[in-house]
Every structure is written in structure tokens, then in C-alpha cells.
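Structure data follow from entry35.pdb (PDB, C-alpha atoms):
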```pdb
ATOM      1  CA  MET A   1       4.043  12.538  -5.544  1.00  0.00           C
ATOM      2  CA  ILE A   2       0.958  10.527  -6.441  1.00  0.00           C
ATOM      3  CA  GLU A   3      -1.631  11.405  -9.030  1.00  0.00           C
ATOM      4  CA  ILE A   4      -4.838   9.357  -8.951  1.00  0.00           C
ATOM      5  CA  LEU A   5      -6.579   8.652 -12.253  1.00  0.00           C
ATOM      6  CA  VAL A   6     -10.184   7.491 -12.377  1.00  0.00           C
ATOM      7  CA  PRO A   7     -11.092   6.249 -15.868  1.00  0.00           C
ATOM      8  CA  HIS A   8     -14.686   6.994 -16.813  1.00  0.00           C
ATOM      9  CA  ALA A   9     -15.579   3.298 -17.232  1.00  0.00           C
ATOM     10  CA  ILE A  10     -14.346   2.572 -13.707  1.00  0.00           C
ATOM     11  CA  ARG A  11     -16.102   5.683 -12.352  1.00  0.00           C
ATOM     12  CA  ASP A  12     -19.355   4.555 -13.963  1.00  0.00           C
ATOM     13  CA  ARG A  13     -19.137   0.979 -12.652  1.00  0.00           C
ATOM     14  CA  GLU A  14     -17.521   1.462  -9.251  1.00  0.00           C
ATOM     15  CA  LEU A  15     -18.715   4.942  -8.244  1.00  0.00           C
ATOM     16  CA  ALA A  16     -22.194   5.090  -9.819  1.00  0.00           C
ATOM     17  CA  GLY A  17     -21.046   7.644 -12.409  1.00  0.00           C
ATOM     18  CA  GLU A  18     -19.678  10.298 -10.064  1.00  0.00           C
ATOM     19  CA  VAL A  19     -16.588  10.650  -7.886  1.00  0.00           C
ATOM     20  CA  SER A  20     -18.270  11.476  -4.589  1.00  0.00           C
ATOM     21  CA  GLY A  21     -17.017  13.741  -1.860  1.00  0.00           C
ATOM     22  CA  GLU A  22     -16.347  10.600   0.175  1.00  0.00           C
ATOM     23  CA  ALA A  23     -14.045   9.222  -2.543  1.00  0.00           C
ATOM     24  CA  ARG A  24     -12.316  12.591  -2.983  1.00  0.00           C
ATOM     25  CA  LYS A  25     -11.522  12.703   0.746  1.00  0.00           C
ATOM     26  CA  ILE A  26     -10.096   9.185   0.638  1.00  0.00           C
ATOM     27  CA  PHE A  27      -7.963  10.098  -2.405  1.00  0.00           C
ATOM     28  CA  ALA A  28      -6.661  13.264  -0.710  1.00  0.00           C
ATOM     29  CA  LYS A  29      -5.747  11.338   2.418  1.00  0.00           C
ATOM     30  CA  LEU A  30      -4.022   8.625   0.407  1.00  0.00           C
ATOM     31  CA  LYS A  31      -1.946  11.164  -1.527  1.00  0.00           C
ATOM     32  CA  THR A  32      -0.471  12.501   1.721  1.00  0.00           C
ATOM     33  CA  ARG A  33      -0.189   9.123   3.460  1.00  0.00           C
ATOM     34  CA  THR A  34       0.923   6.506   0.944  1.00  0.00           C
ATOM     35  CA  PRO A  35       1.796   4.012   3.726  1.00  0.00           C
ATOM     36  CA  LEU A  36      -1.979   3.477   3.962  1.00  0.00           C
ATOM     37  CA  ALA A  37      -1.637   1.461   0.744  1.00  0.00           C
ATOM     38  CA  THR A  38      -0.445  -2.129   0.854  1.00  0.00           C
ATOM     39  CA  GLY A  39       1.175  -3.747  -2.166  1.00  0.00           C
ATOM     40  CA  ILE A  40      -0.413  -7.031  -3.204  1.00  0.00           C
ATOM     41  CA  ARG A  41       0.809  -9.714  -5.536  1.00  0.00           C
ATOM     42  CA  SER A  42      -1.131 -10.947  -8.488  1.00  0.00           C
ATOM     43  CA  PRO A  43       0.055 -13.533 -11.009  1.00  0.00           C
ATOM     44  CA  GLY A  44       0.629 -12.270 -14.534  1.00  0.00           C
ATOM     45  CA  LEU A  45       1.266  -8.586 -13.811  1.00  0.00           C
ATOM     46  CA  PRO A  46       3.525  -6.926 -16.389  1.00  0.00           C
ATOM     47  CA  SER A  47       7.003  -5.885 -15.283  1.00  0.00           C
ATOM     48  CA  ARG A  48       7.362  -2.591 -13.397  1.00  0.00           C
ATOM     49  CA  THR A  49       3.722  -2.693 -12.262  1.00  0.00           C
ATOM     50  CA  SER A  50       2.170  -2.902  -8.830  1.00  0.00           C
ATOM     51  CA  LEU A  51      -1.240  -3.300  -7.297  1.00  0.00           C
ATOM     52  CA  TYR A  52      -2.028  -1.341  -4.153  1.00  0.00           C
ATOM     53  CA  LYS A  53      -4.916  -2.124  -1.819  1.00  0.00           C
ATOM     54  CA  VAL A  54      -6.283   0.556   0.495  1.00  0.00           C
ATOM     55  CA  HIS A  55      -8.594   0.000   3.464  1.00  0.00           C
ATOM     56  CA  ALA A  56     -10.594   3.147   4.188  1.00  0.00           C
ATOM     57  CA  THR A  57     -13.438   4.169   6.423  1.00  0.00           C
ATOM     58  CA  SER A  58     -16.097   6.693   5.577  1.00  0.00           C
ATOM     59  CA  PRO A  59     -19.421   7.829   7.021  1.00  0.00           C
ATOM     60  CA  ALA A  60     -21.055   5.318   4.656  1.00  0.00           C
ATOM     61  CA  GLY A  61     -18.944   2.425   5.992  1.00  0.00           C
ATOM     62  CA  ALA A  62     -15.705   0.558   5.339  1.00  0.00           C
ATOM     63  CA  ARG A  63     -14.297   0.669   1.810  1.00  0.00           C
ATOM     64  CA  ARG A  64     -11.722  -1.331  -0.121  1.00  0.00           C
ATOM     65  CA  LEU A  65      -9.905   0.323  -3.013  1.00  0.00           C
ATOM     66  CA  LEU A  66      -7.480  -1.181  -5.502  1.00  0.00           C
ATOM     67  CA  PHE A  67      -5.083   0.813  -7.645  1.00  0.00           C
ATOM     68  CA  PHE A  68      -2.838  -0.215 -10.525  1.00  0.00           C
ATOM     69  CA  CYS A  69       0.486   1.556 -11.004  1.00  0.00           C
ATOM     70  CA  ARG A  70       2.997   1.196 -13.798  1.00  0.00           C
ATOM     71  CA  HIS A  71       6.310   2.490 -12.543  1.00  0.00           C
ATOM     72  CA  ALA A  72       8.265   4.735 -14.882  1.00  0.00           C
ATOM     73  CA  HIS A  73      12.000   4.487 -15.070  1.00  0.00           C
ATOM     74  CA  PRO A  74      13.429   6.313 -12.056  1.00  0.00           C
ATOM     75  CA  GLY A  75      13.788  10.031 -12.563  1.00  0.00           C
ATOM     76  CA  PRO A  76      14.113  13.163 -10.466  1.00  0.00           C
ATOM     77  CA  SER A  77      10.550  14.442 -10.924  1.00  0.00           C
ATOM     78  CA  GLU A  78       8.507  11.342 -11.593  1.00  0.00           C
ATOM     79  CA  THR A  79       4.899  11.407 -10.502  1.00  0.00           C
ATOM     80  CA  ALA A  80       3.432   8.019  -9.703  1.00  0.00           C
ATOM     81  CA  ARG A  81       0.112   7.606 -11.460  1.00  0.00           C
ATOM     82  CA  TRP A  82      -2.251   5.278  -9.661  1.00  0.00           C
ATOM     83  CA  VAL A  83      -5.240   4.135 -11.694  1.00  0.00           C
ATOM     84  CA  LEU A  84      -8.331   3.216  -9.685  1.00  0.00           C
ATOM     85  CA  ARG A  85      -9.561  -0.289 -10.438  1.00  0.00           C
ATOM     86  CA  PHE A  86     -11.982  -1.078  -7.607  1.00  0.00           C
ATOM     87  CA  TYR A  87     -13.887   1.021  -5.080  1.00  0.00           C
ATOM     88  CA  ARG A  88     -15.931  -1.422  -3.062  1.00  0.00           C
ATOM     89  CA  SER A  89     -17.828  -1.602   0.179  1.00  0.00           C
ATOM     90  CA  LYS A  90     -16.472  -4.131   2.637  1.00  0.00           C
ATOM     91  CA  SER A  91     -19.905  -5.774   2.531  1.00  0.00           C
ATOM     92  CA  ASP A  92     -19.454  -6.502  -1.207  1.00  0.00           C
ATOM     93  CA  SER A  93     -18.237 -10.053  -1.928  1.00  0.00           C
ATOM     94  CA  LEU A  94     -15.083  -8.898  -3.714  1.00  0.00           C
ATOM     95  CA  GLY A  95     -14.588  -5.938  -1.354  1.00  0.00           C
ATOM     96  CA  ARG A  96     -14.585  -8.272   1.634  1.00  0.00           C
ATOM     97  CA  ASN A  97     -11.620 -10.195   0.201  1.00  0.00           C
ATOM     98  CA  LEU A  98      -9.965  -7.925  -2.389  1.00  0.00           C
ATOM     99  CA  GLY A  99      -6.992 -10.018  -3.407  1.00  0.00           C
ATOM    100  CA  PRO A 100      -5.778 -13.019  -5.379  1.00  0.00           C
ATOM    101  CA  SER A 101      -7.255 -15.498  -2.900  1.00  0.00           C
ATOM    102  CA  HIS A 102     -10.783 -14.470  -4.001  1.00  0.00           C
ATOM    103  CA  PRO A 103     -11.949 -16.866  -6.758  1.00  0.00           C
ATOM    104  CA  ASP A 104     -13.278 -14.041  -8.980  1.00  0.00           C
ATOM    105  CA  PHE A 105     -10.389 -11.615  -8.418  1.00  0.00           C
ATOM    106  CA  ALA A 106      -8.272 -12.447 -11.501  1.00  0.00           C
ATOM    107  CA  ARG A 107     -11.266 -12.336 -13.853  1.00  0.00           C
ATOM    108  CA  GLU A 108     -12.575  -9.052 -12.432  1.00  0.00           C
ATOM    109  CA  LEU A 109      -9.102  -7.527 -12.374  1.00  0.00           C
ATOM    110  CA  ALA A 110      -8.592  -8.333 -16.079  1.00  0.00           C
ATOM    111  CA  ARG A 111     -12.012  -6.898 -16.976  1.00  0.00           C
ATOM    112  CA  HIS A 112     -11.398  -3.687 -15.062  1.00  0.00           C
ATOM    113  CA  LEU A 113      -7.928  -3.347 -16.580  1.00  0.00           C
ATOM    114  CA  ALA A 114      -9.366  -3.634 -20.095  1.00  0.00           C
ATOM    115  CA  TRP A 115     -11.928  -0.910 -19.351  1.00  0.00           C
ATOM    116  CA  ALA A 116      -9.303   1.387 -17.826  1.00  0.00           C
ATOM    117  CA  ILE A 117      -6.844   0.903 -20.702  1.00  0.00           C
ATOM    118  CA  ALA A 118      -9.549   1.580 -23.282  1.00  0.00           C
ATOM    119  CA  ASP A 119     -10.427   4.882 -21.593  1.00  0.00           C
ATOM    120  CA  LEU A 120      -6.787   5.915 -21.293  1.00  0.00           C
ATOM    121  CA  GLU A 121      -6.008   5.013 -24.921  1.00  0.00           C
ATOM    122  CA  LEU A 122      -9.070   6.870 -26.252  1.00  0.00           C
ATOM    123  CA  SER A 123      -8.292   9.992 -24.220  1.00  0.00           C
ATOM    124  CA  THR A 124      -7.026  13.138 -25.865  1.00  0.00           C
ATOM    125  CA  ALA A 125      -5.981  16.461 -24.373  1.00  0.00           C
ATOM    126  CA  ALA A 126      -9.286  17.950 -25.539  1.00  0.00           C
ATOM    127  CA  THR A 127     -11.458  15.052 -24.383  1.00  0.00           C
ATOM    128  CA  PRO A 128      -9.906  13.088 -21.522  1.00  0.00           C
ATOM    129  CA  ARG A 129     -11.758   9.921 -20.571  1.00  0.00           C
ATOM    130  CA  TYR A 130     -10.542  10.035 -16.989  1.00  0.00           C
ATOM    131  CA  GLU A 131     -10.506  12.371 -13.999  1.00  0.00           C
ATOM    132  CA  THR A 132      -7.349  13.303 -12.134  1.00  0.00           C
ATOM    133  CA  PHE A 133      -7.051  13.799  -8.394  1.00  0.00           C
TER     134      PHE A 133
END
```

What would the structure in this file look like if it were written as C-alpha cells?
Amino acid sequence: MIEILVPHAIRDRELAGEVSGEARKIFAKLKTRTPLATGIRSPGLPSRTSLYKVHATSPAGARRLLFFCRHAHPGPSETARWVLRFYRSKSDSLGRNLGPSHPDFARELARHLAWAIADLELSTAATPRYETF
């Protein structure tokens, strides 16, 4: 099972402050069809982590999404938690080529990771700084 986390900093920067109906539909489809996601390599990733790129279409046009996942030790009821990093239009420079071959990818990936980690670390049960889908 997949649980999608959208840290508030990523939501604010990538989704204009709100997880739209379009994004919710893409998330729901992804949760039932994980083969839609393609694993990509990126130098310097910590052990037991993966990046997943998703190509999606919507009424507003083609989208490129990138998720970060840290794999827990195998267990019978583990839920994979995918953290949204990028939600881009295909017409966006990075969205057109969302991967390590893009010259700005590593820098943007590190920036987005820092924002996501900060939100997750500052979250409490009473005041989460992320949304779950």
C-alpha cells in the first residue's frame, strides 16, 4: 500500500498552496497503479531510498511528478510513504526533463528535500505540516 505525503512547503511551491482536484485524481490513480511510476537514479541518495517519476495527463495538460521514498525494513504490514518533491507541467524546464540529466536537477532536488524534511521534522500529531493521500 502507498501513502502519499505532501509537505506544506512543497504544496506551497509546487501546487500554488492547495492540492487541487487534478492532483488528488493523479494521486488516487497512482495508489492503485504503482507501475505508472518509474524508478530513477540520482547520485548521492541515502541507502534504502528511491526516487519515482510519474508521467500523468490531466485536463490542464501533461504533468511530471517526482516522489521520494525511504524504504522501511521489510515487514508484513509496511506502508510505503511517498513524499512529493515535484509537481510540474511538461512545459516547465525541469518538468520537461525531470531527471539527473537536467543541469539543475541535483540542486533543485536537494532544495526540495530540505523543505520536505523540515516540514516532516516540525510536524506533530496536533499540527501536521503535511497532507496525506

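Between Val6 (chain A) and the candidates A:His102, A:Arg48, A:Arg24, A:Arg96, the tightest atom-to-atom separation, counting all atoms listed in the file, involves A:Arg24.
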
Next on the checklist: Please expand the PyMOL selection byres ((chain A and resi 1) around 9) into the concrete residues it hits in this file, giving the result as a PyMOL selection string.
Outcome noted: chain A and resi 2-3+31-32+77-81

Checklist entry - Suppose you want the space between CA of Asp92 (chain A) and CA of Ala62 (chain A); what is it in Å? => result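 Separation of CA of Asp92 (chain A) and CA of Ala62 (chain A): 10.3 Å.
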
Item to check | Output check: residues returned by the PyMOL selection byres ((chain A and resi 8) around 12), as a ChimeraX atom specification | outcome: /A:5-7,9-19,83-85,112,115-120,122-123,127-132

Checklist entry - Which residues, written as a list in words, have at least one atom at most 12 Å from Ala106 (chain A), with all atoms listed in the file counted and residues fewer than 5 positions away on the same chain left out? => result Arg41, Ser42, Pro43, Gly44, Leu45, Leu94, Leu98, Gly99, Pro100, Ser101, Arg111, His112 and Leu113 of chain A

Item to check | Between CA of Ser20 (chain A) and CA of Phe133 (chain A), distance in Å (one decimal) | outcome: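 Taking CA of Ser20 (chain A) as the start and CA of Phe133 (chain A) as the end point, the length is 12.1 Å.
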
For Arg64 (chain A): contacts at 10 Å, all atoms listed in the file, fewer than 3 positions along chain excluded, given as a PDB file with C-alpha atoms, in the frame of the given file:
```pdb
ATOM      1  CA  LYS A  53      -4.916  -2.124  -1.819  1.00  0.00           C
ATOM      2  CA  VAL A  54      -6.283   0.556   0.495  1.00  0.00           C
ATOM      3  CA  HIS A  55      -8.594   0.000   3.464  1.00  0.00           C
ATOM      4  CA  ALA A  56     -10.594   3.147   4.188  1.00  0.00           C
ATOM      5  CA  THR A  57     -13.438   4.169   6.423  1.00  0.00           C
ATOM      6  CA  PHE A  86     -11.982  -1.078  -7.607  1.00  0.00           C
ATOM      7  CA  TYR A  87     -13.887   1.021  -5.080  1.00  0.00           C
ATOM      8  CA  ARG A  88     -15.931  -1.422  -3.062  1.00  0.00           C
ATOM      9  CA  SER A  89     -17.828  -1.602   0.179  1.00  0.00           C
ATOM     10  CA  LYS A  90     -16.472  -4.131   2.637  1.00  0.00           C
ATOM     11  CA  SER A  91     -19.905  -5.774   2.531  1.00  0.00           C
ATOM     12  CA  ASP A  92     -19.454  -6.502  -1.207  1.00  0.00           C
ATOM     13  CA  LEU A  94     -15.083  -8.898  -3.714  1.00  0.00           C
ATOM     14  CA  GLY A  95     -14.588  -5.938  -1.354  1.00  0.00           C
ATOM     15  CA  ARG A  96     -14.585  -8.272   1.634  1.00  0.00           C
ATOM     16  CA  ASN A  97     -11.620 -10.195   0.201  1.00  0.00           C
ATOM     17  CA  LEU A  98      -9.965  -7.925  -2.389  1.00  0.00           C
TER      18      LEU A  98
END
```

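The two atoms in question, CA of Arg70 (chain A) and CA of Ser50 (chain A), are spaced 6.5 Å apart.
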
For region 50-58 of chain A, take all atoms listed in the file, fit an axis-aligned box around them, add 3 Å to each of the six sides, then output centre and edge lengths in Å rounded to one decimal, as lines of an AutoDock Vina configuration file.
```
center_x = -7.0
center_y = 1.7
center_z = -1.2
size_x = 24.3
size_y = 16.0
size_z = 21.3
```

Residue completion, region 12-29 of chain A, N, CA, C and O atoms, as a compact mmCIF listing (two decimals), keeping the file's coordinate frame:
```
# COMPACT_ATOMS: atom_id res chain seq x y z
N ASP A 12 -17.96 4.93 -13.72
CA ASP A 12 -19.36 4.56 -13.96
C ASP A 12 -19.73 3.26 -13.26
O ASP A 12 -20.84 3.15 -12.72
N ARG A 13 -18.82 2.28 -13.23
CA ARG A 13 -19.14 0.98 -12.65
C ARG A 13 -18.92 0.91 -11.15
O ARG A 13 -19.67 0.26 -10.44
N GLU A 14 -17.88 1.56 -10.67
CA GLU A 14 -17.52 1.46 -9.25
C GLU A 14 -18.07 2.60 -8.40
O GLU A 14 -18.24 2.44 -7.20
N LEU A 15 -18.31 3.76 -9.00
CA LEU A 15 -18.72 4.94 -8.24
C LEU A 15 -20.06 5.50 -8.71
O LEU A 15 -20.34 6.68 -8.49
N ALA A 16 -20.86 4.69 -9.36
CA ALA A 16 -22.19 5.09 -9.82
C ALA A 16 -22.17 6.37 -10.65
O ALA A 16 -23.06 7.20 -10.57
N GLY A 17 -21.11 6.54 -11.45
CA GLY A 17 -21.05 7.64 -12.41
C GLY A 17 -20.50 8.95 -11.90
O GLY A 17 -20.34 9.90 -12.67
N GLU A 18 -20.17 9.03 -10.61
CA GLU A 18 -19.68 10.30 -10.06
C GLU A 18 -18.67 10.03 -8.95
O GLU A 18 -18.92 9.19 -8.07
N VAL A 19 -17.56 10.76 -8.97
CA VAL A 19 -16.59 10.65 -7.89
C VAL A 19 -17.12 11.49 -6.73
O VAL A 19 -17.12 12.72 -6.79
N SER A 20 -17.61 10.82 -5.72
CA SER A 20 -18.27 11.48 -4.59
C SER A 20 -17.28 12.23 -3.71
O SER A 20 -16.07 12.05 -3.80
N GLY A 21 -17.83 13.04 -2.85
CA GLY A 21 -17.02 13.74 -1.86
C GLY A 21 -16.29 12.76 -0.96
O GLY A 21 -15.14 12.98 -0.57
N GLU A 22 -16.97 11.65 -0.62
CA GLU A 22 -16.35 10.60 0.18
C GLU A 22 -15.09 10.08 -0.51
O GLU A 22 -14.02 9.98 0.10
N ALA A 23 -15.19 9.74 -1.80
CA ALA A 23 -14.04 9.22 -2.54
C ALA A 23 -12.95 10.28 -2.65
O ALA A 23 -11.76 9.96 -2.49
N ARG A 24 -13.31 11.51 -2.89
CA ARG A 24 -12.32 12.59 -2.98
C ARG A 24 -11.52 12.73 -1.68
O ARG A 24 -10.32 12.94 -1.70
N LYS A 25 -12.21 12.61 -0.55
CA LYS A 25 -11.52 12.70 0.75
C LYS A 25 -10.55 11.55 0.93
O LYS A 25 -9.44 11.72 1.42
N ILE A 26 -10.98 10.35 0.54
CA ILE A 26 -10.10 9.18 0.64
C ILE A 26 -8.88 9.37 -0.26
O ILE A 26 -7.75 9.11 0.14
N PHE A 27 -9.08 9.86 -1.49
CA PHE A 27 -7.96 10.10 -2.40
C PHE A 27 -6.99 11.12 -1.82
O PHE A 27 -5.77 10.93 -1.88
N ALA A 28 -7.52 12.21 -1.27
CA ALA A 28 -6.66 13.26 -0.71
C ALA A 28 -5.84 12.72 0.45
O ALA A 28 -4.64 13.01 0.56
N LYS A 29 -6.47 11.92 1.28
CA LYS A 29 -5.75 11.34 2.42
C LYS A 29 -4.67 10.38 1.93
O LYS A 29 -3.54 10.39 2.44
```
